[in-house]
Every structure is written in structure tokens, then in C-alpha cells.
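Engineer: Just passing along the structure, written as C-alpha cells.
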Amino acid sequence: MIHPTAIISPDAALQSGVSVDAFSIIDRDVTIGEDSSIAANVRIEPFTTLGKRCKIFHGAVIGGIPQDLKFNGEPSELIIGDDTAVREYAVIHRGTAATGKTVIGKNCLIMNYVHVAHDCVIGNHVILSNAVNMAGHVIIEDFAGIGGMVPVHQFIRIGQHAFVGGGYRIAQDVPPYVLAAGEPLRYAGLNYVGLRRRNFSEEQIRSIEKAYHILYREKLNRATALTRIKEAMSLTPEIESIINFFEKSERGVIR
């Protein structure tokens with residue numbers, strides 16, 4: 001299971017069923033969960049933890065030090081959840097003193113040439129398409145997706161079940177359940193395909209539609225729109241997540 005040309009620190013912990021292909025380097029203070037596979041020419045740097053059944057493809061660099069001039073070698077880590085795949089030549093950095101860690105959840109797909117910077121937090125079932133480039137401190141909630149060749153500004157939040165089209169630039173927060181497109185990036189309707197794939201009922205979808213109609217189509221300022229939603233709609237988990245997202249946004253939400 002371990003190719004003879006692989007270099008593995010005696011201070012790394014590889015659980016049962018782990019395979020490591022040719023010329024890969026696994027440094028000290030690395031933990032790799034059961035049945036994970038590491039392809040050829042992968043570099044996994046210190047303070048990295050991989051969950052079970054992760055797949056790291058050729059040329060990826062995992063757990064490198066942050067590209068942050070404030071970083072002074074302080075303790076920090078990278079944590080990747082079970083069943084996540086990191087494709088060829090992706091680069092994922094560990095955290096800084098700001099939060100101490102970069103976290104990627106379970107069942108994520110990180111495609112070729114993606115960069116996940118320091119202190120980012122990515123939820124479960126997230127898909128980052130080819131060459132998504134994230135700055136630091138980005139938060140992406142569960143089941144969100146980003147199309148290819150997208151730069152993401154630092155401190156951005158992307159809500160659950162949202163999808164951002166490929167080739168655009170994310171400079172403001174993207175709220176839950178929406179499709180975002182255009183330059184500058186803007187609301188382009190709901191992520192109907194994603195919601196139906198994940199078995200949202202038509203009643204749930206209509207409720208989400210109504211909330212965003214109030215927010216984006218009734219020409220109200222944001223505070224008034226949120227008040228109207230609270231007064232006029234049932235506060236289901238989906239509606240509460242929309243309200244909370246808007247109220248907690250620091251960078252502002254796409255128009």
C-alpha cells in the first residue's frame with residue numbers, strides 16, 4: 001500500500017488501509033484516516049488531519065503554511081473531513097493565529113488547481129470547480145457550489161445550497177439557496193436544480209421564492225424587507241437561515 005519511493009515521517013500517523021503512491025511526501029504531525037488514498041507526487045505538510053476515505057490526487061499540496069505576511073510560524077492546522085476528494089494540483093493552506101485552523105468538511109469535491117487559503121471554513125458536500133481561488137477567512141456553507149475560474153474575496157460568506165456561476169468574481173456575500181451570476185455578481189433566481197436534487201419540497205421552494213421576492217423585487221431597503229418577512233411569513237428553518245444570513249453579513253450581500 002506504500003510505494004517504496006514515498007517519504008513518510010516516522011511521526012506521521014497513517015491508519016489502516018491507507019495507500020501512498022510514488023514520490024509523495026508526508027511530513028511529521030500528519031494524521032491520515034482509514035482507507036484514504038494519496039496519489040503520486042503529493043505533498044502533505046505538518047499539522048494536517050485527513051478523515052476516512054479521503055482521496056488526494058496527483059500533485060496536490062495539502063497543509064502548507066499560509067500566504068499571509070502576518071504569519072510567524074504559530075501553531076495552526078488543516079482539518080479535512082471524511083470522503084472528501086482533492087483533485088490534481090489543488091493547494092490548501094493551514095490556518096493562522098486569527099482562527100488557528102482551516103477546515104474542510106465531509107463529502108466535498110475540490111477540483112483541479114483550486115486554492116483554499118488560510119482560515120477558510122468549508123462545510124459538507126461543497127463542490128469547488130476547477131481553478132476556484134479563495135482568499136483567507138472565506139466561509140462556505142453546506143451543499144454550496146462554485147463554478148470554475150472564480151476568485152473569492154477574503155471574508156466572504158456563501159450560504160447553504162447556493163451556486164455561483166463559473167467565471168464571475170465574488171466580492172460580496174452570496175445568500176443561501178440562490179443562483180448568482182453576472183458582473184458584478186448579482187441574484188439570478190434560486191438554485192432550483194440543486195434544491196430539487198436535494199429533495200426540497202415545492203412548498204419549501206415556494207416559501208424561499210417568496211422571501212427573495214420581498215428582498216430583491218419589492219424595492220424595499222434591506223431592514224424593511226427583513227421585517228416584512230418576519231411579520232408575513234412562517235419562520236421555517238429555511239426562512240430563518242435567510243434572515244440570519246442577511247442580518248449577520250459584514251461585507252454586504254449581492255444585489
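Convention: chains lettered A, B, ... in C-alpha cells order; per-chain residue numbering from 1; ligands numbered from 1 as shown.
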Could you pull the residues within 9 Å of range 195-197 of chain A, counting only C-alpha atoms, minus those fewer than 5 positions along the same chain, as a compact mmCIF listing (two decimals) with C-alpha atoms, in the first residue's frame?

Structural biologist:
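Contents of out_32.txt, as written:
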```txt
# COMPACT_ATOMS: atom_id res chain seq x y z
CA HIS A 161 -27.31 25.36 -1.20
CA TYR A 177 -30.41 28.82 -1.84
CA LEU A 190 -32.99 30.31 -6.93
CA GLU A 202 -42.30 22.50 -3.79
CA ILE A 205 -39.15 26.21 -2.66
```

Engineer: How many Å separate CA of Val91 in chain A from CA of Asn41 in chain A?

Structural biologist: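 It comes out at 13.0 Å.
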
Engineer: For His125 in chain A, work out the shell of residues within 6 Å, counting only C-alpha atoms and skipping chain neighbours fewer than 4 positions away, then give it as a list in words.

Structural biologist: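 Close residues of His125 in chain A: Asn107, Cys108, Asp142 and Phe143 of chain A.
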
Engineer: Excluding same-chain residues fewer than 3 positions from Asp173 in chain A, what lies within 10 Å of it counting only C-alpha atoms, as a list in words?

Structural biologist: Val138, Ile139, Ile140, Val152, His153, Phe155, Ile156, Arg157, Ile158, Gly159, Ile170, Pro176, Leu185, Phe245, Phe246, Ser249, Glu250, Arg251, Gly252, Val253, Ile254 and Arg255 of chain A

Engineer: Kindly save the residues from that selection, with N, CA and C atoms included, as an mmCIF file, in the first residue's frame.

Structural biologist:
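Generated output (result_1.cif):
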```cif
data_model
loop_
_atom_site.group_PDB
_atom_site.id
_atom_site.type_symbol
_atom_site.label_atom_id
_atom_site.label_comp_id
_atom_site.auth_asym_id
_atom_site.auth_seq_id
_atom_site.Cartn_x
_atom_site.Cartn_y
_atom_site.Cartn_z
ATOM 1 N N VAL A 138 -12.645 32.825 4.193
ATOM 2 C CA VAL A 138 -13.901 32.605 3.472
ATOM 3 C C VAL A 138 -14.684 31.491 4.175
ATOM 4 N N ILE A 139 -15.996 31.667 4.270
ATOM 5 C CA ILE A 139 -16.878 30.646 4.836
ATOM 6 C C ILE A 139 -17.855 30.195 3.754
ATOM 7 N N ILE A 140 -17.897 28.893 3.506
ATOM 8 C CA ILE A 140 -18.832 28.322 2.539
ATOM 9 C C ILE A 140 -19.670 27.288 3.268
ATOM 10 N N VAL A 152 -12.497 34.479 -5.101
ATOM 11 C CA VAL A 152 -13.355 34.752 -3.952
ATOM 12 C C VAL A 152 -12.606 35.676 -3.003
ATOM 13 N N HIS A 153 -13.170 36.859 -2.761
ATOM 14 C CA HIS A 153 -12.555 37.871 -1.891
ATOM 15 C C HIS A 153 -12.482 37.365 -0.457
ATOM 16 N N PHE A 155 -12.906 37.068 3.529
ATOM 17 C CA PHE A 155 -14.003 37.278 4.476
ATOM 18 C C PHE A 155 -15.392 37.146 3.834
ATOM 19 N N ILE A 156 -15.470 36.558 2.665
ATOM 20 C CA ILE A 156 -16.768 36.323 2.019
ATOM 21 C C ILE A 156 -17.484 35.145 2.695
ATOM 22 N N ARG A 157 -18.808 35.205 2.704
ATOM 23 C CA ARG A 157 -19.640 34.079 3.125
ATOM 24 C C ARG A 157 -20.536 33.658 1.959
ATOM 25 N N ILE A 158 -20.660 32.352 1.785
ATOM 26 C CA ILE A 158 -21.544 31.795 0.757
ATOM 27 C C ILE A 158 -22.505 30.854 1.457
ATOM 28 N N GLY A 159 -23.799 31.120 1.312
ATOM 29 C CA GLY A 159 -24.808 30.400 2.066
ATOM 30 C C GLY A 159 -25.053 28.989 1.565
ATOM 31 N N ILE A 170 -16.493 36.936 -6.870
ATOM 32 C CA ILE A 170 -17.299 37.041 -5.656
ATOM 33 C C ILE A 170 -16.663 38.080 -4.738
ATOM 34 N N PRO A 176 -28.131 32.108 1.054
ATOM 35 C CA PRO A 176 -28.499 30.700 0.863
ATOM 36 C C PRO A 176 -29.505 30.501 -0.258
ATOM 37 N N LEU A 185 -21.404 40.497 -9.600
ATOM 38 C CA LEU A 185 -22.216 39.343 -9.238
ATOM 39 C C LEU A 185 -23.543 39.786 -8.639
ATOM 40 N N PHE A 245 -28.672 35.084 7.781
ATOM 41 C CA PHE A 245 -27.569 35.365 6.871
ATOM 42 C C PHE A 245 -27.483 36.864 6.574
ATOM 43 N N PHE A 246 -28.605 37.467 6.227
ATOM 44 C CA PHE A 246 -28.608 38.893 5.906
ATOM 45 C C PHE A 246 -28.258 39.741 7.122
ATOM 46 N N SER A 249 -24.401 39.592 7.837
ATOM 47 C CA SER A 249 -23.453 39.924 6.775
ATOM 48 C C SER A 249 -22.637 41.152 7.141
ATOM 49 N N GLU A 250 -21.321 41.053 6.983
ATOM 50 C CA GLU A 250 -20.424 42.178 7.260
ATOM 51 C C GLU A 250 -19.935 42.841 5.983
ATOM 52 N N ARG A 251 -19.803 42.082 4.914
ATOM 53 C CA ARG A 251 -19.321 42.654 3.660
ATOM 54 C C ARG A 251 -20.450 43.172 2.777
ATOM 55 N N GLY A 252 -21.693 42.891 3.174
ATOM 56 C CA GLY A 252 -22.822 43.204 2.314
ATOM 57 C C GLY A 252 -23.152 42.034 1.427
ATOM 58 N N VAL A 253 -24.433 41.922 1.031
ATOM 59 C CA VAL A 253 -24.920 40.805 0.247
ATOM 60 C C VAL A 253 -25.100 41.265 -1.192
ATOM 61 N N ILE A 254 -24.879 40.337 -2.139
ATOM 62 C CA ILE A 254 -25.048 40.683 -3.560
ATOM 63 C C ILE A 254 -26.422 41.307 -3.801
ATOM 64 N N ARG A 255 -26.493 42.233 -4.768
ATOM 65 C CA ARG A 255 -27.750 42.906 -5.082
ATOM 66 C C ARG A 255 -28.633 42.014 -5.931
#
```

Engineer: Excluding range 223-231 of chain A and any residue of its chain fewer than 5 positions from it, enumerate the residues within 7 Å of it, using only C-alpha atoms, and give them as a PyMOL selection string.

Structural biologist: chain A and resi 211+214-215+243

Engineer: Output N, CA and C atoms for every residue in the selection just made, as a PDB file, in the first residue's frame.

Structural biologist:
```pdb
ATOM      1  N   ALA A 211     -39.644  34.790   0.000  1.00  0.00           N
ATOM      2  CA  ALA A 211     -38.712  35.595   0.797  1.00  0.00           C
ATOM      3  C   ALA A 211     -37.793  36.417  -0.101  1.00  0.00           C
ATOM      4  N   ILE A 214     -39.500  39.382  -1.774  1.00  0.00           N
ATOM      5  CA  ILE A 214     -39.565  40.550  -0.880  1.00  0.00           C
ATOM      6  C   ILE A 214     -38.210  41.249  -0.813  1.00  0.00           C
ATOM      7  N   LEU A 215     -37.149  40.470  -0.730  1.00  0.00           N
ATOM      8  CA  LEU A 215     -35.814  41.066  -0.576  1.00  0.00           C
ATOM      9  C   LEU A 215     -35.324  41.755  -1.846  1.00  0.00           C
ATOM     10  N   ILE A 243     -32.888  34.994   6.928  1.00  0.00           N
ATOM     11  CA  ILE A 243     -32.889  36.180   7.796  1.00  0.00           C
ATOM     12  C   ILE A 243     -31.559  36.298   8.533  1.00  0.00           C
TER      13      ILE A 243
END
```
